[in-house]
Amino acid sequence: MSIVVENLTKKYGEQKAVNDISFKINTGEVVGFLGPNGAGKSTTMKMITCYMAPTSGDVRLDELSILNEQEDIKKKIGYLPENNPLYTDMAIVDYLRFCAEIQGVSKAKIPSRIGDMIDMCGLERERHKKISELSKGYRQRVGLAQAMIHDPEILILDEPTTGLDPNQIIEIRKLIKKLGKEKTVILSSHILSEVEATCDRILIINRGRIVADGTSDTLRSQAEGKELLTVKIEAADADVKKALLGLASVETVEPVEGKAGFFSVRSKPDVSSRKEVFDLCVSKKWYLLEMTGHETKLEDVFRELTN
Ligand SMILES: Nc1ncnc2c1ncn2[C@@H]1O[C@H](COP(=O)(O)OP(=O)(O)OP(=O)(O)O)[C@@H](O)[C@H]1O
């Protein structure tokens, strides 16, 4: 089942939390929704899952629209919301039975679905415990199990590994990868390594807009066309940043946090700033104490797009 998001916008009062975004996710893709805090990830997910109406725009799941077919869509989607709300007074098995019933799973199938979810999410040891007695990692597994109980074609997971320890993170990632072989999955995160490890494709969202869309390799190579240098320049009382920004080959200049005199210099696409930086220092009689090139990491791409 594919997802087509068309000119989707959500306003909270005057604030556009999601601002006219469009993208398509194909059947069977695992897509990471990456962005800093407040970028609009959860809001987008809430609209796709019909938990919140858009201000304008549409989302279509194959032929179904979030504007007219909310109930049908909810049956096709499994949703793990950001703060994983659970009925903590219930035992895991009872809670999963309750979720299966409200999702319309037939009575005859409920016991086997519960059994499958317990196996798949590694809940066997804890199956009769109350949810309030579970660790955070196990609660997250119950959240995943409830999202999948009705065997939906699409899974929307809002920060699925939040609060888990490193072992649990690896287990949940493995589980998501396994699920991704059969289902269309969107997961949100602000952790780059997470998205890189689990997703076929990455959408970066910033201030309500999609600012990048591609595989981690494509995103990296888009930025690799732009040289990144760290320079250290000693120049008493001079506006070094302004002078560097004035060079024809330079796109951005940022002081390096906590390191006086150091600047991070990003060149324009396919040009090098090394000679211009050197010539600038010579002409101004400044001391160029260091100039180092860097490989572009996904972190750099993310910083550049969301800063
Ligand atoms: N119910 C609401 N009422 C008013 N503003 C809201 C509401 N929900 C979210 N916002 C605002 O909309 C913006 C986007 O929020 P959203 O929760 O979608 O971001 P996010 O990318 O999921 O962030 P995080 O990674 O911190 O969870 C933020 O500025 C947030 O304060």
# chains A, B, ... in the order shown; residues from 1 in each chain; ligands from 1
$ residues_around --residues "A:Ser216" --least-positions-apart "5" --cutoff "10 Å" --atoms "only C-alpha atoms" --output "PyMOL selection string"
chain A and resi 192+195-197+199-203+221-222+297-298+301
$ write_last_selection --atoms "N, CA and C atoms" --output "mmCIF file, in the first residue's frame"
data_model
loop_
_atom_site.group_PDB
_atom_site.id
_atom_site.type_symbol
_atom_site.label_atom_id
_atom_site.label_comp_id
_atom_site.auth_asym_id
_atom_site.auth_seq_id
_atom_site.Cartn_x
_atom_site.Cartn_y
_atom_site.Cartn_z
ATOM 1 N N LEU A 192 20.306 10.264 13.802
ATOM 2 C CA LEU A 192 20.699 9.923 12.439
ATOM 3 C C LEU A 192 21.072 8.464 12.270
ATOM 4 N N VAL A 195 18.093 6.154 11.858
ATOM 5 C CA VAL A 195 17.420 6.198 10.576
ATOM 6 C C VAL A 195 18.293 5.522 9.517
ATOM 7 N N GLU A 196 19.597 5.774 9.610
ATOM 8 C CA GLU A 196 20.507 5.170 8.638
ATOM 9 C C GLU A 196 20.502 3.654 8.750
ATOM 10 N N ALA A 197 20.392 3.158 10.010
ATOM 11 C CA ALA A 197 20.462 1.709 10.218
ATOM 12 C C ALA A 197 19.191 0.994 9.783
ATOM 13 N N CYS A 199 16.402 2.427 7.681
ATOM 14 C CA CYS A 199 15.527 2.915 6.593
ATOM 15 C C CYS A 199 16.149 2.815 5.210
ATOM 16 N N ASP A 200 15.271 2.606 4.203
ATOM 17 C CA ASP A 200 15.719 2.601 2.807
ATOM 18 C C ASP A 200 15.896 4.032 2.325
ATOM 19 N N ARG A 201 15.116 4.921 2.914
ATOM 20 C CA ARG A 201 15.070 6.287 2.403
ATOM 21 C C ARG A 201 14.857 7.254 3.573
ATOM 22 N N ILE A 202 15.363 8.463 3.428
ATOM 23 C CA ILE A 202 15.264 9.437 4.517
ATOM 24 C C ILE A 202 14.576 10.711 4.010
ATOM 25 N N LEU A 203 13.597 11.168 4.780
ATOM 26 C CA LEU A 203 13.000 12.475 4.506
ATOM 27 C C LEU A 203 13.422 13.381 5.653
ATOM 28 N N SER A 221 26.147 12.323 -0.838
ATOM 29 C CA SER A 221 26.872 12.742 -2.043
ATOM 30 C C SER A 221 26.408 14.112 -2.529
ATOM 31 N N GLN A 222 25.143 14.471 -2.239
ATOM 32 C CA GLN A 222 24.705 15.830 -2.589
ATOM 33 C C GLN A 222 25.572 16.850 -1.850
ATOM 34 N N LYS A 297 29.887 14.002 6.539
ATOM 35 C CA LYS A 297 29.118 12.957 7.231
ATOM 36 C C LYS A 297 27.641 13.315 7.141
ATOM 37 N N LEU A 298 26.800 12.313 7.393
ATOM 38 C CA LEU A 298 25.364 12.583 7.360
ATOM 39 C C LEU A 298 24.999 13.656 8.398
ATOM 40 N N VAL A 301 25.240 16.960 6.794
ATOM 41 C CA VAL A 301 24.112 17.222 5.897
ATOM 42 C C VAL A 301 22.928 17.694 6.739
#
$ residues_near_ligand --ligand "ligand 1" --cutoff "6 Å" --atoms "only C-alpha atoms and all ligand atoms" --output "VMD selection string"
chain A and resid 12 17 35 to 43
$ select_by_dssp --residues "stretch 73-299 of chain A" --states "strand (DSSP E or B)" --output "ChimeraX atom specification"
/A:77-80,91,130,154-158,184-189,201-206,209-214,228-234,250-255,262-267,287-294
$ residues_around --residues "A:His294" --least-positions-apart "5" --cutoff "10 Å" --atoms "only C-alpha atoms" --output "PyMOL selection string"
chain A and resi 224+227-230+264
$ write_last_selection --atoms "N, CA and C atoms" --output "compact mmCIF listing (two decimals), in the first residue's frame"
# COMPACT_ATOMS: atom_id res chain seq x y z
N GLU A 224 28.54 16.17 -0.58
CA GLU A 224 29.96 15.97 -0.82
C GLU A 224 30.49 16.88 -1.92
N GLU A 227 32.93 21.27 -0.53
CA GLU A 227 34.07 21.09 0.36
C GLU A 227 33.81 21.71 1.74
N LEU A 228 34.26 21.02 2.78
CA LEU A 228 34.13 21.56 4.14
C LEU A 228 35.52 21.68 4.76
N LEU A 229 35.88 22.90 5.16
CA LEU A 229 37.21 23.13 5.74
C LEU A 229 37.07 23.65 7.15
N THR A 230 38.03 23.25 8.02
CA THR A 230 38.15 23.94 9.30
C THR A 230 39.41 24.78 9.21
N SER A 264 34.37 27.03 10.53
CA SER A 264 34.00 25.95 9.63
C SER A 264 33.54 26.61 8.33
$ residues_around --residues "A:Ser132" --least-positions-apart "2" --cutoff "6 Å" --atoms "only C-alpha atoms" --output "list in words"
Thr88, Lys130 and Leu134 of chain A
$ write_last_selection --atoms "C-alpha atoms" --output "PDB file, in the first residue's frame"
ATOM      1  CA  THR A  88      -1.114   0.392  32.610  1.00  0.00           C
ATOM      2  CA  LYS A 130       0.642  -5.857  34.285  1.00  0.00           C
ATOM      3  CA  LEU A 134       7.119  -3.468  32.858  1.00  0.00           C
TER       4      LEU A 134
END
$ atom_distance --atom1 "atom CA of A:Glu254" --atom2 "atom CA of A:Trp286"
18.3 Å
$ residues_around --residues "stretch 161-163 of chain A" --least-positions-apart "2" --cutoff "9 Å" --atoms "only C-alpha atoms" --output "NGL selection string"
:A and (82-83 or 136-137 or 140 or 158-159 or 165 or 168-169 or 172-173 or 189 or 194)
$ closest_residue --among "A:Tyr287, A:His190, A:Lys10, A:Ala235" --to "A:Arg303" --atoms "only C-alpha atoms"
A:His190
$ residues_around --residues "A:Tyr79" --least-positions-apart "5" --cutoff "9 Å" --atoms "only C-alpha atoms" --output "ChimeraX atom specification"
/A:45,49,74,143-144,146-148,154-158
$ write_last_selection --atoms "C-alpha atoms" --output "compact mmCIF listing (two decimals), in the first residue's frame"
# COMPACT_ATOMS: atom_id res chain seq x y z
CA MET A 45 2.17 11.38 11.46
CA THR A 49 -3.05 8.23 10.76
CA LYS A 74 -7.31 3.38 10.61
CA GLY A 143 3.29 -0.42 21.97
CA LEU A 144 4.66 -2.09 18.86
CA GLN A 146 -0.65 -3.15 19.73
CA ALA A 147 0.30 -1.29 16.54
CA MET A 148 0.58 -4.59 14.65
CA ILE A 154 1.28 0.32 6.97
CA LEU A 155 3.16 0.99 10.19
CA ILE A 156 3.71 4.52 11.50
CA LEU A 157 6.13 4.60 14.41
CA ASP A 158 6.81 7.87 16.19
$ closest_residue --among "A:Ile210, A:Ile149, A:Val142, A:Ile118" --to "A:Val5" --atoms "only C-alpha atoms"
A:Ile210
$ residues_around --residues "A:Arg266" --least-positions-apart "4" --cutoff "12 Å" --atoms "only C-alpha atoms" --output "number ranges by chain"
A: 223-231, 244-245, 247-255, 270-274, 277, 292-296, 300-301, 304
$ write_last_selection --atoms "N, CA and C atoms" --output "compact mmCIF listing (two decimals), in the first residue's frame"
# COMPACT_ATOMS: atom_id res chain seq x y z
N ALA A 223 25.86 16.54 -0.59
CA ALA A 223 26.63 17.50 0.19
C ALA A 223 28.12 17.36 -0.08
N GLU A 224 28.54 16.17 -0.58
CA GLU A 224 29.96 15.97 -0.82
C GLU A 224 30.49 16.88 -1.92
N GLY A 225 29.60 17.32 -2.80
CA GLY A 225 30.03 18.28 -3.82
C GLY A 225 30.53 19.58 -3.21
N LYS A 226 30.26 19.74 -1.90
CA LYS A 226 30.66 21.00 -1.25
C LYS A 226 31.77 20.73 -0.23
N GLU A 227 32.93 21.27 -0.53
CA GLU A 227 34.07 21.09 0.36
C GLU A 227 33.81 21.71 1.74
N LEU A 228 34.26 21.02 2.78
CA LEU A 228 34.13 21.56 4.14
C LEU A 228 35.52 21.68 4.76
N LEU A 229 35.88 22.90 5.16
CA LEU A 229 37.21 23.13 5.74
C LEU A 229 37.07 23.65 7.15
N THR A 230 38.03 23.25 8.02
CA THR A 230 38.15 23.94 9.30
C THR A 230 39.41 24.78 9.21
N VAL A 231 39.27 26.08 9.46
CA VAL A 231 40.46 26.94 9.40
C VAL A 231 40.65 27.63 10.74
N LEU A 244 35.78 36.11 5.19
CA LEU A 244 35.67 34.77 4.58
C LEU A 244 34.40 34.67 3.74
N LEU A 245 33.31 35.20 4.30
CA LEU A 245 32.04 35.16 3.57
C LEU A 245 32.09 35.95 2.26
N LEU A 247 34.48 35.87 0.15
CA LEU A 247 35.21 35.16 -0.91
C LEU A 247 34.22 34.53 -1.89
N ALA A 248 34.57 34.59 -3.17
CA ALA A 248 33.64 34.13 -4.21
C ALA A 248 33.31 32.64 -4.07
N SER A 249 34.26 31.85 -3.55
CA SER A 249 34.05 30.39 -3.51
C SER A 249 33.33 29.92 -2.24
N VAL A 250 33.12 30.84 -1.29
CA VAL A 250 32.60 30.42 0.03
C VAL A 250 31.08 30.57 0.11
N GLU A 251 30.44 29.48 0.64
CA GLU A 251 28.98 29.55 0.79
C GLU A 251 28.58 29.93 2.21
N THR A 252 29.14 29.22 3.21
CA THR A 252 28.79 29.53 4.60
C THR A 252 30.05 29.53 5.48
N VAL A 253 29.99 30.29 6.55
CA VAL A 253 31.08 30.32 7.53
C VAL A 253 30.45 30.28 8.91
N GLU A 254 30.93 29.35 9.75
CA GLU A 254 30.42 29.30 11.12
C GLU A 254 31.59 29.23 12.08
N PRO A 255 31.59 30.02 13.16
CA PRO A 255 32.65 29.84 14.16
C PRO A 255 32.53 28.45 14.79
N ASP A 270 31.25 22.18 -5.98
CA ASP A 270 32.31 21.85 -6.93
C ASP A 270 33.44 22.87 -7.06
N VAL A 271 33.62 23.71 -6.05
CA VAL A 271 34.81 24.57 -6.06
C VAL A 271 35.54 24.42 -4.72
N SER A 272 36.83 24.77 -4.74
CA SER A 272 37.60 24.72 -3.50
C SER A 272 37.91 26.14 -3.03
N SER A 273 37.86 26.33 -1.71
CA SER A 273 38.14 27.68 -1.17
C SER A 273 39.57 27.78 -0.65
N ARG A 274 40.33 26.68 -0.73
CA ARG A 274 41.63 26.66 -0.05
C ARG A 274 42.53 27.82 -0.48
N VAL A 277 41.24 31.28 0.61
CA VAL A 277 41.43 31.52 2.05
C VAL A 277 42.89 31.88 2.30
N THR A 292 42.11 22.43 7.47
CA THR A 292 41.93 20.98 7.34
C THR A 292 40.64 20.68 6.58
N GLY A 293 40.70 19.75 5.66
CA GLY A 293 39.50 19.33 4.93
C GLY A 293 38.79 18.21 5.68
N HIS A 294 37.46 18.07 5.49
CA HIS A 294 36.70 17.02 6.17
C HIS A 294 35.89 16.21 5.20
N GLU A 295 35.71 14.95 5.51
CA GLU A 295 34.75 14.13 4.77
C GLU A 295 33.35 14.56 5.19
N THR A 296 32.41 14.57 4.27
CA THR A 296 31.06 14.95 4.67
C THR A 296 30.36 13.77 5.34
N ASP A 300 26.70 16.25 9.03
CA ASP A 300 26.93 17.57 8.42
C ASP A 300 25.76 17.95 7.53
N VAL A 301 25.24 16.96 6.79
CA VAL A 301 24.11 17.22 5.90
C VAL A 301 22.93 17.69 6.74
N GLU A 304 23.47 21.16 8.16
CA GLU A 304 23.38 22.21 7.14
C GLU A 304 21.92 22.47 6.77
$ closest_atom_pairs --of "stretch 121-188 of chain A" --to "stretch 20-27 of chain A" --cutoff "10 Å" --atoms "only C-alpha atoms" --output "tab-separated table"
residue	atom	partner	partner_atom	distance
A:Glu153	CA	A:Thr27	CA	8.8
A:Ile154	CA	A:Thr27	CA	8.6
A:Gly180	CA	A:Thr27	CA	9.9
A:Glu182	CA	A:Thr27	CA	8.9
A:Lys183	CA	A:Thr27	CA	7.2
A:Thr184	CA	A:Thr27	CA	5.4
A:Val185	CA	A:Thr27	CA	8.8
A:Ile186	CA	A:Ile25	CA	8.7
$ atom_distance --atom1 "atom CA of A:Leu288" --atom2 "atom CA of A:Ser267"
17.5 Å
$ atom_distance --atom1 "atom CA of A:Glu6" --atom2 "atom CA of A:Thr218"
23.4 Å
